[in-house]
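Working notes, structure below.
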Protein chains: 2
Amino acid sequence: MAKDRSDPPRPADRPAYEQVKDWIRGHIARGDWKPGDPVPSEAALMARFAVSRMTAHRALRELATEGLVTRVQGSGTTVAQLHRISSRLVIRDLHEEVAERGHVAGTRVLTVAQEKAGAEVAAALGLRKGARVFHTVLVHLENGVPIQYEDRYVNPLAAPDYLATDFATTSPTSHLLRCAPLTEASYSIEACLPRAAEARALAMTTAEPCLVMVRRTVSGAHVASIARQLYPASRYSFTGAFQA
Amino acid sequence: MAKDRSDPPRPADRPAYEQVKDWIRGHIARGDWKPGDPVPSEAALMARFAVSRMTAHRALRELATEGLVTRVQGSGTTVAQLHRISSRLVIRDLHEEVAERGHVAGTRVLTVAQEKAGAEVAAALGLRKGARVFHTVLVHLENGVPIQYEDRYVNPLAAPDYLATDFATTSPTSHLLRCAPLTEASYSIEACLPRAAEARALAMTTAEPCLVMVRRTVSGAHVASIARQLYPASRYSFTGAFQA
DNA sequence: CAGTGGTCTAGACCACCGA
DNA sequence: CGGTGGTCTAGACCACTGG
């Protein structure tokens with residue numbers, strides 16, 4: 001998962017295309033080449049590094065997918081306009097994350113039910129109003145402290161045996177990933193004040209803010225699930241890093 | 001930036017390695033191959049698609065960097081354990097984002113100053129306590145409505161002429177990106193209640209929550225800047241999508 | 001038109017894993 | 001040991017851009 005930035009570059013055995021990438025990255029990072037400036041062409045790199053065109057091409061192609069340079073066929077390669085700060089926001093299974101911190105994960109099950117979908121839920125899941133849907137409300141704990149309140153609706157067509165899950169040991173996410181391979185998802189990160197019941201479940205007051213992750217996942221032809229996850233702001237934040 | 005999902009696959013002209021990727025992706029999405037299952041080897045793909053090894057290799061390599069499959073030298077390629085929902089969270093220039101929505105961006109300048117760094121700021125910027133730092137406080141507007149309160153400290157070593165910027169027309173981000181090429185950044189997304197002054201500047205009450213983006217950017221040897229950006233939760237959220 | 005990048009092949013050598 | 005992936009080469013054809 002994490003790139004090993006530990007050992008600098010073992011000089012010799014580093015692949016040629018990586019050496020080319022490093023050289024270009026260095027010039028960009030050092031500011032020798034500013035956004036918009038041309039980057040040496042594949043032919044130039046072939047000469048300078050005594051590599052084949054495939055190798056030079058691979059170096060530039062990877063830098064392009066990393067967003068550092070822009071390539072235009074027929075025109076050339078240039079340093080990308082803005083090195084946009086962009087980083088992979090990974091939405092992981094919370095239990096996994098807690099376990100990785102060496103802490104104990106727990107779950108309190110508040111609701112596990114089959115319901116008739118209201119208008120909003122039905123629309124979000126792509127079902128008719130009144131259709132049968134699964135509904136769970138769970139509180140996830142880290143070392144006994146509540147860190148997430150999860151309100152989720154699941155489409156029975158995507159996960160018929162969802163309610164049979166033992167939520168104390170298996171998180172909804174991991175069950176869904178297993179039986180409904182993920183093809184698409186969208187999310188939104190918001191902030192809000194918790195409702196009374198939510199605050200109670202999270203052992204906080206209704207005056208303290210929460211981070212909210214609202215998520216909609218699609219599996220093949222079906223919307224699999226919509227979830228609303230509340231995190232007490234005092235105990236959780238989303239973090240990330242970026243480098244290049 | 002966005003992948004074009006508009007036109008299905010133009011059958012003929014689609015590159016061979018993309019066709020191979022699509023075929024594998026399809027089997028994974030459809031659930032034919034579950035996490036942990038083996039994916040056809042390069043040799044098998046060569047035979048099935050009548051392509052060279054380089055082409056088969058490229059297909060598998062790209063799927064691996066996309067996180068869909070796991071490759072182990074000497075062992076083989078398997079479907080990745082969890083299709084983690086991961087998506088690129090792009091941190092863009094706010095003015096750009098507003099302009100893209102067809103709205104009018106504006107900026108209100110509250111503070112532009114040179115100060116002596118307090119202990120915390122100095123530590124975060126990697127300077128001695130009392131060192132000279134630049135400090136700006138701005139409010140960014142969309143169609144005249146405040147959407148971001150930005151409190152930022154800048155390292156003079158990274159951007160000596162920062163204070164000379166006309167912040168009404170140039171955002172700090174774009175100035176910094178121009179004069180201090182970005183090599184590294186980390187961020188954290190939190191939620192909080194605004195302080196009185198912040199709430200006033202954002203035309204909100206101190207009881208309404210804010211989304212907070214805390215960011216630290218590194219340029220070469222220097223920490224370039226630390227910023228704390230408050231968004232009224234009622235007017236802004238971070239969104240993203242993922243597909244594979 | 002020459003120069004660029006986009007793709008592809010047939011072959012090669014190596015390092016690694018598992019039986 | 002055979003099968004796997006990781007890298008690399010020398011050459012090829014194409015599509016596009018720019019002067």
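Identifiers in the structure tokens: chain A, B, ... in order shown; residue index from 1 per chain; ligand index from 1 in order shown.
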Legend entry - Surrounding residues of C:DC1 excluding itself and chain neighbours under 4 positions, 12 Å, only C-alpha atoms (C1' of nucleotides), as a count of residues only: 3
Inset, instruction - Would you kindly return, as a list in words, each protein, DNA or RNA residue with an atom no farther than 7 Å from any atom of stretch 128-135 of chain B, considering only C-alpha atoms (C1' of nucleotides) and excluding same-chain residues fewer than 3 positions away? - result: Val112, Ala113, Gln114, Glu115, Lys116, Ala117, Gly118, Ala119, Ala122, Arg152, Tyr153, Val154, Asn155 and Pro156 of chain B
Please report, as JSON lines, each residue of chain B lying at most 6 Å from chain A, together with the nearest pair of atoms and the separation in Å rounded to one decimal; use only C-alpha atoms, and order rows by chain and ascending residue number.
```
{"residue": "B:Ala29", "atom": "CA", "partner": "A:Pro181", "partner_atom": "CA", "distance": 5.7}
{"residue": "B:Ile85", "atom": "CA", "partner": "A:Ile91", "partner_atom": "CA", "distance": 5.1}
{"residue": "B:Ser86", "atom": "CA", "partner": "A:Val90", "partner_atom": "CA", "distance": 4.1}
{"residue": "B:Ser87", "atom": "CA", "partner": "A:Leu89", "partner_atom": "CA", "distance": 5.4}
{"residue": "B:Arg88", "atom": "CA", "partner": "A:Arg88", "partner_atom": "CA", "distance": 4.4}
{"residue": "B:Leu89", "atom": "CA", "partner": "A:Ser87", "partner_atom": "CA", "distance": 5.4}
{"residue": "B:Val90", "atom": "CA", "partner": "A:Ser86", "partner_atom": "CA", "distance": 4.1}
{"residue": "B:Ile91", "atom": "CA", "partner": "A:Ile85", "partner_atom": "CA", "distance": 5.2}
{"residue": "B:Pro181", "atom": "CA", "partner": "A:Ala29", "partner_atom": "CA", "distance": 5.8}
{"residue": "B:Thr183", "atom": "CA", "partner": "A:Ala244", "partner_atom": "CA", "distance": 5.5}
{"residue": "B:Glu184", "atom": "CA", "partner": "A:Gln243", "partner_atom": "CA", "distance": 4.3}
{"residue": "B:Ala185", "atom": "CA", "partner": "A:Phe242", "partner_atom": "CA", "distance": 5.1}
{"residue": "B:Ser186", "atom": "CA", "partner": "A:Ala241", "partner_atom": "CA", "distance": 4.0}
{"residue": "B:Tyr187", "atom": "CA", "partner": "A:Gly240", "partner_atom": "CA", "distance": 5.4}
{"residue": "B:Ser188", "atom": "CA", "partner": "A:Thr239", "partner_atom": "CA", "distance": 4.1}
{"residue": "B:Ile189", "atom": "CA", "partner": "A:Phe238", "partner_atom": "CA", "distance": 5.0}
{"residue": "B:Glu190", "atom": "CA", "partner": "A:Ser237", "partner_atom": "CA", "distance": 5.0}
{"residue": "B:Ala191", "atom": "CA", "partner": "A:Ala233", "partner_atom": "CA", "distance": 5.3}
{"residue": "B:Cys192", "atom": "CA", "partner": "A:Pro209", "partner_atom": "CA", "distance": 5.9}
{"residue": "B:Pro209", "atom": "CA", "partner": "A:Pro209", "partner_atom": "CA", "distance": 5.8}
{"residue": "B:Leu211", "atom": "CA", "partner": "A:Ala191", "partner_atom": "CA", "distance": 5.6}
{"residue": "B:Ala233", "atom": "CA", "partner": "A:Ala191", "partner_atom": "CA", "distance": 5.3}
{"residue": "B:Ser237", "atom": "CA", "partner": "A:Glu190", "partner_atom": "CA", "distance": 5.0}
{"residue": "B:Phe238", "atom": "CA", "partner": "A:Ile189", "partner_atom": "CA", "distance": 5.0}
{"residue": "B:Thr239", "atom": "CA", "partner": "A:Ser188", "partner_atom": "CA", "distance": 4.1}
{"residue": "B:Gly240", "atom": "CA", "partner": "A:Tyr187", "partner_atom": "CA", "distance": 5.4}
{"residue": "B:Ala241", "atom": "CA", "partner": "A:Ser186", "partner_atom": "CA", "distance": 4.0}
{"residue": "B:Phe242", "atom": "CA", "partner": "A:Ala185", "partner_atom": "CA", "distance": 5.1}
{"residue": "B:Gln243", "atom": "CA", "partner": "A:Glu184", "partner_atom": "CA", "distance": 4.3}
{"residue": "B:Ala244", "atom": "CA", "partner": "A:Thr183", "partner_atom": "CA", "distance": 5.5}
```
Legend entry - Shortest interatomic distance to chain C - which of B:Ala80, B:Ile226, B:Val51, B:Leu157, counting only C-alpha atoms (C1' of nucleotides):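 The answer is B:Val51, which sits nearest to chain C.
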Legend entry - 10 Å contact set for A:Glu96, only C-alpha atoms (C1' of nucleotides), chain neighbours under 5 positions out, as a PyMOL selection string: chain A and resi 101-103+105+171+174
